[in-house]
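Q: Structure file query.tsv, TSV, N, CA and C atoms, is pasted below:
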chain	number	residue	atom	x	y	z
U	79	MET	N	121.40	105.43	94.74
U	79	MET	CA	120.69	104.24	94.32
U	79	MET	C	120.59	104.27	92.81
U	80	ARG	N	121.19	103.32	92.17
U	80	ARG	CA	121.08	103.18	90.72
U	80	ARG	C	119.92	102.24	90.43
U	81	LEU	N	119.04	102.67	89.54
U	81	LEU	CA	117.87	101.86	89.24
U	81	LEU	C	118.24	100.64	88.40
U	82	PRO	N	117.61	99.49	88.68
U	82	PRO	CA	117.90	98.28	87.90
U	82	PRO	C	117.40	98.42	86.47
U	83	PRO	N	118.04	97.72	85.53
U	83	PRO	CA	117.66	97.83	84.11
U	83	PRO	C	116.20	97.49	83.83
U	84	TRP	N	115.60	96.55	84.58
U	84	TRP	CA	114.22	96.17	84.32
U	84	TRP	C	113.24	97.29	84.62
U	85	SER	N	113.65	98.31	85.37
U	85	SER	CA	112.74	99.39	85.74
U	85	SER	C	112.67	100.49	84.67
U	86	LEU	N	113.62	100.52	83.77
U	86	LEU	CA	113.67	101.60	82.77
U	86	LEU	C	112.52	101.46	81.79
U	87	GLY	N	111.96	102.57	81.40
U	87	GLY	CA	110.83	102.57	80.48
U	87	GLY	C	109.51	102.30	81.17
U	88	ARG	N	109.50	102.26	82.48
U	88	ARG	CA	108.28	101.99	83.22
U	88	ARG	C	107.94	103.17	84.14
U	89	GLY	N	108.25	104.36	83.71
U	89	GLY	CA	107.90	105.54	84.48
U	89	GLY	C	109.00	106.03	85.39
U	90	PHE	N	110.17	105.38	85.39
U	90	PHE	CA	111.30	105.84	86.18
U	90	PHE	C	112.18	106.74	85.32
U	91	LYS	N	112.84	107.68	85.94
U	91	LYS	CA	113.74	108.57	85.22
U	91	LYS	C	114.95	107.79	84.72
U	92	ALA	N	115.21	107.86	83.45
U	92	ALA	CA	116.35	107.14	82.86
U	92	ALA	C	117.66	107.79	83.29
U	93	GLY	N	118.60	106.98	83.71
U	93	GLY	CA	119.92	107.46	84.08
U	93	GLY	C	119.99	108.22	85.39
U	94	HIS	N	118.91	108.24	86.14
U	94	HIS	CA	118.86	108.99	87.39
U	94	HIS	C	119.55	108.22	88.51
U	95	ILE	N	120.47	108.86	89.21
U	95	ILE	CA	121.10	108.28	90.40
U	95	ILE	C	120.59	109.07	91.58
U	96	HIS	N	119.94	108.41	92.51
U	96	HIS	CA	119.28	109.07	93.64
U	96	HIS	C	120.15	108.96	94.87
U	97	GLY	N	120.47	110.11	95.49
U	97	GLY	CA	121.21	110.12	96.75
U	97	GLY	C	122.71	110.02	96.56
U	98	ALA	N	123.40	109.85	97.69
U	98	ALA	CA	124.86	109.75	97.67
U	98	ALA	C	125.31	108.91	98.86
U	99	THR	N	126.52	108.35	98.73
U	99	THR	CA	127.10	107.56	99.82
U	99	THR	C	128.34	108.25	100.36
U	100	ASP	N	128.87	107.70	101.45
U	100	ASP	CA	130.11	108.25	102.00
U	100	ASP	C	131.25	107.97	101.04
U	101	GLU	N	132.45	108.42	101.38
U	101	GLU	CA	133.57	108.35	100.44
U	101	GLU	C	133.97	106.93	100.04
U	102	ILE	N	133.64	105.92	100.85
U	102	ILE	CA	133.98	104.54	100.48
U	102	ILE	C	132.77	103.74	100.00
U	103	GLY	N	131.60	104.38	99.93
U	103	GLY	CA	130.40	103.72	99.43
U	103	GLY	C	129.76	102.77	100.42
U	104	TYR	N	130.03	102.95	101.69
U	104	TYR	CA	129.52	102.04	102.70
U	104	TYR	C	128.15	102.43	103.22
U	105	ARG	N	127.89	103.72	103.36
U	105	ARG	CA	126.67	104.19	103.99
U	105	ARG	C	126.03	105.31	103.16
U	106	ALA	N	124.70	105.31	103.09
U	106	ALA	CA	123.99	106.40	102.43
U	106	ALA	C	124.07	107.65	103.30
U	107	VAL	N	124.39	108.79	102.68
U	107	VAL	CA	124.48	110.02	103.45
U	107	VAL	C	123.41	111.03	103.05
U	108	GLU	N	122.84	110.87	101.88
U	108	GLU	CA	121.71	111.73	101.49
U	108	GLU	C	120.80	110.96	100.55
U	109	GLY	N	119.51	111.29	100.61
U	109	GLY	CA	118.53	110.64	99.76
U	109	GLY	C	118.32	109.16	100.09
U	110	ARG	N	118.35	108.82	101.38
U	110	ARG	CA	118.17	107.41	101.78
U	110	ARG	C	116.80	106.89	101.38
U	111	VAL	N	116.79	105.69	100.84
U	111	VAL	CA	115.56	105.02	100.45
U	111	VAL	C	115.59	103.63	101.07
U	112	GLY	N	114.61	103.34	101.90
U	112	GLY	CA	114.54	102.02	102.53
U	112	GLY	C	113.85	101.02	101.62
U	113	VAL	N	113.91	99.77	102.02
U	113	VAL	CA	113.28	98.70	101.26
U	113	VAL	C	111.78	98.94	101.14
U	114	ASN	N	111.15	99.36	102.24
U	114	ASN	CA	109.70	99.61	102.20
U	114	ASN	C	109.36	100.79	101.30
U	115	ASP	N	110.21	101.81	101.24
U	115	ASP	CA	109.99	102.93	100.33
U	115	ASP	C	110.05	102.46	98.88
U	116	PHE	N	111.05	101.64	98.58
U	116	PHE	CA	111.20	101.14	97.21
U	116	PHE	C	110.04	100.23	96.85
U	117	LEU	N	109.59	99.38	97.79
U	117	LEU	CA	108.43	98.53	97.56
U	117	LEU	C	107.18	99.37	97.31
U	118	ALA	N	106.99	100.42	98.10
U	118	ALA	CA	105.83	101.31	97.90
U	118	ALA	C	105.89	101.96	96.53
U	119	THR	N	107.09	102.33	96.08
U	119	THR	CA	107.25	102.96	94.76
U	119	THR	C	106.93	101.98	93.65
U	120	ILE	N	107.43	100.75	93.74
U	120	ILE	CA	107.14	99.72	92.73
U	120	ILE	C	105.64	99.43	92.69
U	121	MET	N	105.02	99.31	93.88
U	121	MET	CA	103.57	99.06	93.93
U	121	MET	C	102.80	100.22	93.30
U	122	HIS	N	103.24	101.44	93.53
U	122	HIS	CA	102.61	102.61	92.92
U	122	HIS	C	102.69	102.52	91.39
U	123	GLN	N	103.83	102.11	90.89
U	123	GLN	CA	104.03	102.05	89.44
U	123	GLN	C	103.17	100.98	88.78
U	124	VAL	N	102.77	99.95	89.51
U	124	VAL	CA	101.90	98.93	88.92
U	124	VAL	C	100.43	99.18	89.27
U	125	GLY	N	100.16	100.33	89.90
U	125	GLY	CA	98.78	100.73	90.13
U	125	GLY	C	98.18	100.31	91.46
U	126	LEU	N	99.01	99.93	92.42
U	126	LEU	CA	98.52	99.53	93.73
U	126	LEU	C	98.81	100.60	94.77
U	127	ASN	N	97.88	100.81	95.69
U	127	ASN	CA	98.08	101.76	96.78
U	127	ASN	C	98.65	101.00	97.96
U	128	HIS	N	99.89	101.28	98.33
U	128	HIS	CA	100.54	100.51	99.38
U	128	HIS	C	99.89	100.73	100.75
U	129	ASN	N	99.09	101.77	100.91
U	129	ASN	CA	98.39	102.01	102.17
U	129	ASN	C	97.09	101.22	102.28
U	130	ARG	N	96.54	100.80	101.17
U	130	ARG	CA	95.24	100.12	101.18
U	130	ARG	C	95.35	98.63	100.97
U	131	LEU	N	96.45	98.14	100.42
U	131	LEU	CA	96.63	96.71	100.20
U	131	LEU	C	97.05	96.08	101.52
U	132	THR	N	96.14	95.36	102.16
U	132	THR	CA	96.39	94.88	103.52
U	132	THR	C	96.28	93.37	103.65
U	133	TYR	N	96.80	92.88	104.74
U	133	TYR	CA	96.59	91.51	105.18
U	133	TYR	C	96.41	91.58	106.69
U	134	ASN	N	95.77	90.62	107.28
U	134	ASN	CA	95.45	90.64	108.72
U	134	ASN	C	94.72	91.92	109.12
U	135	ILE	N	93.90	92.44	108.27
U	135	ILE	CA	93.03	93.59	108.45
U	135	ILE	C	93.76	94.90	108.72
U	136	GLU	N	94.71	94.95	109.65
U	136	GLU	CA	95.32	96.23	110.01
U	136	GLU	C	96.74	96.42	109.49
U	137	GLU	N	97.38	95.40	108.95
U	137	GLU	CA	98.75	95.52	108.50
U	137	GLU	C	98.82	95.67	107.00
U	138	THR	N	99.64	96.60	106.54
U	138	THR	CA	99.87	96.76	105.11
U	138	THR	C	101.20	96.12	104.75
U	139	LEU	N	101.43	95.90	103.47
U	139	LEU	CA	102.68	95.28	103.04
U	139	LEU	C	103.90	96.12	103.39
U	140	THR	N	103.75	97.43	103.40
U	140	THR	CA	104.89	98.28	103.71
U	140	THR	C	104.86	98.79	105.14
U	141	ASP	N	103.82	98.46	105.91
U	141	ASP	CA	103.70	98.80	107.34
U	141	ASP	C	103.99	100.28	107.60
U	142	LYS	N	103.22	101.14	106.93
U	142	LYS	CA	103.45	102.58	107.00
U	142	LYS	C	103.42	103.13	108.42
U	143	LYS	N	102.59	102.56	109.30
U	143	LYS	CA	102.52	103.06	110.69
U	143	LYS	C	103.86	102.96	111.39
U	144	VAL	N	104.60	101.91	111.11
U	144	VAL	CA	105.88	101.68	111.78
U	144	VAL	C	107.05	102.25	110.99
U	145	THR	N	107.08	101.99	109.69
U	145	THR	CA	108.24	102.35	108.88
U	145	THR	C	108.15	103.72	108.23
U	146	ASP	N	106.96	104.32	108.24
U	146	ASP	CA	106.73	105.61	107.57
U	146	ASP	C	107.15	105.55	106.10
U	147	SER	N	106.80	104.43	105.45
U	147	SER	CA	107.17	104.25	104.05
U	147	SER	C	106.44	105.25	103.17
U	148	ARG	N	107.04	105.53	102.02
U	148	ARG	CA	106.50	106.51	101.08
U	148	ARG	C	106.87	106.11	99.67
U	149	VAL	N	106.15	106.66	98.70
U	149	VAL	CA	106.51	106.50	97.30
U	149	VAL	C	107.62	107.50	97.02
U	150	VAL	N	108.73	107.04	96.47
U	150	VAL	CA	109.88	107.90	96.20
U	150	VAL	C	109.65	108.60	94.87
U	151	GLY	N	108.99	109.75	94.94
U	151	GLY	CA	108.63	110.49	93.73
U	151	GLY	C	109.81	111.07	92.99
U	152	GLU	N	110.96	111.20	93.67
U	152	GLU	CA	112.13	111.80	93.04
U	152	GLU	C	112.70	110.94	91.91
U	153	ILE	N	112.39	109.64	91.89
U	153	ILE	CA	112.92	108.77	90.85
U	153	ILE	C	111.90	108.48	89.75
U	154	LEU	N	110.72	109.08	89.85
U	154	LEU	CA	109.66	108.84	88.88
U	154	LEU	C	109.52	109.99	87.90
U	155	ILE	N	109.13	109.66	86.68
U	155	ILE	CA	108.89	110.70	85.68
U	155	ILE	C	107.70	111.55	86.09
U	156	GLN	N	106.61	110.89	86.53
U	156	GLN	CA	105.42	111.59	87.01
U	156	GLN	C	105.20	111.21	88.47
U	157	PRO	N	105.70	112.01	89.40
U	157	PRO	CA	105.51	111.69	90.82
U	157	PRO	C	104.01	111.72	91.18
U	158	PRO	N	103.62	110.94	92.18
U	158	PRO	CA	102.20	110.94	92.58
U	158	PRO	C	101.81	112.26	93.21
U	159	GLU	N	100.55	112.59	93.05
U	159	GLU	CA	100.04	113.80	93.69
U	159	GLU	C	99.84	113.51	95.17
U	160	ILE	N	100.26	114.43	96.01
U	160	ILE	CA	100.12	114.25	97.45
U	160	ILE	C	98.68	114.60	97.84
U	161	ALA	N	98.03	113.64	98.50
U	161	ALA	CA	96.62	113.84	98.88
U	161	ALA	C	96.51	114.52	100.22
Just give me the structure as structure tokens.
A:
Amino acid sequence: MRLPPWSLGRGFKAGHIHGATDEIGYRAVEGRVGVNDFLATIMHQVGLNHNRLTYNIEETLTDKKVTDSRVVGEILIQPPEIA
């Protein structure tokens, strides 16, 4: 996963390429990051807790109960502390 240019200088590692794909670039084979993981990471970087920001009382934006979303600390300069 190559980080988009707008993310640089906002706490992401510059020039960092996360994970790898198969030989033709079709499928991720290591370091897979889902959409919900990336959303949780972006929310973390702007100061929001993706587990506490809810709608309909029990559902979060990243639906951690179902998707097991996480903040991808490997692409951040200062990864979050695990509570």
Q: With distances taken over only N, CA and C atoms, which of U:Asn114, U:Ile102, U:Gly93, U:Val124 is nearest to Asp141 in chain U?
A: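 Among the listed residues, the smallest separation from Asp141 in chain U belongs to U:Asn114.
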Q: At most 6 Å is the cut-off: for each residue in range 101-121 of chain U with any atom that close to an atom of range 144-160 of chain U, write down the nearest atom pair and the distance in Å rounded to one decimal, counting only N, CA and C atoms, chain first then increasing number, as CSV.
A:
residue,atom,partner,partner_atom,distance
U:Asn114,C,U:Ser147,CA,4.9
U:Asp115,CA,U:Arg148,N,4.3
U:Ala118,C,U:Val149,CA,4.6
U:Thr119,N,U:Val149,CA,4.4
Q: Using CA of Leu131 in chain U and CA of Val111 in chain U as the two end points, give the distance in Å to one decimal.
A: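 That distance, rounded to one decimal, is 20.7 Å.
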Q: Looking at U:Glu108, U:Gly89, U:Leu117, U:Glu101, which one is nearest to Leu139 in chain U, with distances taken over only N, CA and C atoms?
A: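 Closest candidate: U:Leu117.
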Q: Could you find all residues in chain U that DSSP calls helix (DSSP H, G or I) from the backbone, and write them as a PyMOL selection string?
A: chain U and resi 83-85+113-123+142-145+151-153
Q: So how far away is atom C of Leu126 in chain U from CA of Lys143 in chain U, in Å?
A: 16.5 Å
Q: To test your reading of the structure, identify every residue in range 87-132 of chain U that backbone DSSP assigns to strand (DSSP E or B), and report it as a list in words.
A: Phe90, Ile95, Ala98, Thr99, Ala106, Val107, Glu108 and Thr132 of chain U
Q: Using only C-alpha atoms, which residues sit within 12 Å of Ala98 in chain U once same-chain residues fewer than 4 positions away are excluded, as a PyMOL selection string?
A: chain U and resi 79-80+94+102-111
Q: Can you write just those residues out, N, CA and C atoms, as a PDB file, in the frame of the given file?
A:
ATOM      1  N   MET U  79     121.400 105.430  94.740  1.00  0.00           N
ATOM      2  CA  MET U  79     120.690 104.240  94.320  1.00  0.00           C
ATOM      3  C   MET U  79     120.590 104.270  92.810  1.00  0.00           C
ATOM      4  N   ARG U  80     121.190 103.320  92.170  1.00  0.00           N
ATOM      5  CA  ARG U  80     121.080 103.180  90.720  1.00  0.00           C
ATOM      6  C   ARG U  80     119.920 102.240  90.430  1.00  0.00           C
ATOM      7  N   HIS U  94     118.910 108.240  86.140  1.00  0.00           N
ATOM      8  CA  HIS U  94     118.860 108.990  87.390  1.00  0.00           C
ATOM      9  C   HIS U  94     119.550 108.220  88.510  1.00  0.00           C
ATOM     10  N   ILE U 102     133.640 105.920 100.850  1.00  0.00           N
ATOM     11  CA  ILE U 102     133.980 104.540 100.480  1.00  0.00           C
ATOM     12  C   ILE U 102     132.770 103.740 100.000  1.00  0.00           C
ATOM     13  N   GLY U 103     131.600 104.380  99.930  1.00  0.00           N
ATOM     14  CA  GLY U 103     130.400 103.720  99.430  1.00  0.00           C
ATOM     15  C   GLY U 103     129.760 102.770 100.420  1.00  0.00           C
ATOM     16  N   TYR U 104     130.030 102.950 101.690  1.00  0.00           N
ATOM     17  CA  TYR U 104     129.520 102.040 102.700  1.00  0.00           C
ATOM     18  C   TYR U 104     128.150 102.430 103.220  1.00  0.00           C
ATOM     19  N   ARG U 105     127.890 103.720 103.360  1.00  0.00           N
ATOM     20  CA  ARG U 105     126.670 104.190 103.990  1.00  0.00           C
ATOM     21  C   ARG U 105     126.030 105.310 103.160  1.00  0.00           C
ATOM     22  N   ALA U 106     124.700 105.310 103.090  1.00  0.00           N
ATOM     23  CA  ALA U 106     123.990 106.400 102.430  1.00  0.00           C
ATOM     24  C   ALA U 106     124.070 107.650 103.300  1.00  0.00           C
ATOM     25  N   VAL U 107     124.390 108.790 102.680  1.00  0.00           N
ATOM     26  CA  VAL U 107     124.480 110.020 103.450  1.00  0.00           C
ATOM     27  C   VAL U 107     123.410 111.030 103.050  1.00  0.00           C
ATOM     28  N   GLU U 108     122.840 110.870 101.880  1.00  0.00           N
ATOM     29  CA  GLU U 108     121.710 111.730 101.490  1.00  0.00           C
ATOM     30  C   GLU U 108     120.800 110.960 100.550  1.00  0.00           C
ATOM     31  N   GLY U 109     119.510 111.290 100.610  1.00  0.00           N
ATOM     32  CA  GLY U 109     118.530 110.640  99.760  1.00  0.00           C
ATOM     33  C   GLY U 109     118.320 109.160 100.090  1.00  0.00           C
ATOM     34  N   ARG U 110     118.350 108.820 101.380  1.00  0.00           N
ATOM     35  CA  ARG U 110     118.170 107.410 101.780  1.00  0.00           C
ATOM     36  C   ARG U 110     116.800 106.890 101.380  1.00  0.00           C
ATOM     37  N   VAL U 111     116.790 105.690 100.840  1.00  0.00           N
ATOM     38  CA  VAL U 111     115.560 105.020 100.450  1.00  0.00           C
ATOM     39  C   VAL U 111     115.590 103.630 101.070  1.00  0.00           C
TER      40      VAL U 111
END
Q: For range 102-110 of chain U, what centre and edge lengths in Å (one decimal) does the axis-aligned box get once 3 Å is added on each side of all its listed atoms, as lines of an AutoDock Vina configuration file?
A:
center_x = 125.4
center_y = 106.9
center_z = 101.7
size_x = 23.2
size_y = 15.7
size_z = 10.6
Q: What is the distance between CA of Glu137 in chain U and atom C of His122 in chain U, in Å to one decimal?
A: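 Between CA of Glu137 in chain U and atom C of His122 in chain U the gap is 18.9 Å.
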Q: Output file request: range 114-145 of chain U, with C-alpha atoms, as a short mmCIF file (atom, residue, chain, number, x, y, z; two decimals), in the first residue's frame.
A:
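See part_39.cif below for the written result:
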data_model
loop_
_atom_site.label_atom_id
_atom_site.label_comp_id
_atom_site.auth_asym_id
_atom_site.auth_seq_id
_atom_site.Cartn_x
_atom_site.Cartn_y
_atom_site.Cartn_z
CA ASN U 114 -11.98 -0.18 7.79
CA ASP U 115 -8.38 -0.45 9.05
CA PHE U 116 -7.35 2.51 6.91
CA LEU U 117 -10.41 4.49 8.05
CA ALA U 118 -9.57 3.72 11.70
CA THR U 119 -5.99 4.91 11.07
CA ILE U 120 -7.12 8.17 9.43
CA MET U 121 -9.59 8.78 12.29
CA HIS U 122 -6.79 8.15 14.81
CA GLN U 123 -4.59 10.70 13.06
CA VAL U 124 -7.27 13.40 13.35
CA GLY U 125 -7.82 12.62 17.02
CA LEU U 126 -10.95 10.44 16.90
CA ASN U 127 -11.34 7.05 18.58
CA HIS U 128 -12.92 4.76 16.00
CA ASN U 129 -14.30 2.53 18.79
CA ARG U 130 -16.18 5.34 20.53
CA LEU U 131 -17.52 7.35 17.59
CA THR U 132 -20.92 5.70 17.12
CA TYR U 133 -24.25 5.99 15.40
CA ASN U 134 -27.41 4.00 16.19
CA ILE U 135 -26.01 3.58 19.73
CA GLU U 136 -24.24 0.23 19.14
CA GLU U 137 -22.61 0.61 15.71
CA THR U 138 -19.29 2.31 15.12
CA LEU U 139 -18.09 3.72 11.81
CA THR U 140 -15.56 0.93 11.42
CA ASP U 141 -17.80 -1.81 12.95
CA LYS U 142 -14.98 -3.33 15.00
CA LYS U 143 -17.20 -6.19 16.29
CA VAL U 144 -17.64 -7.53 12.76
CA THR U 145 -14.56 -6.36 10.85
#
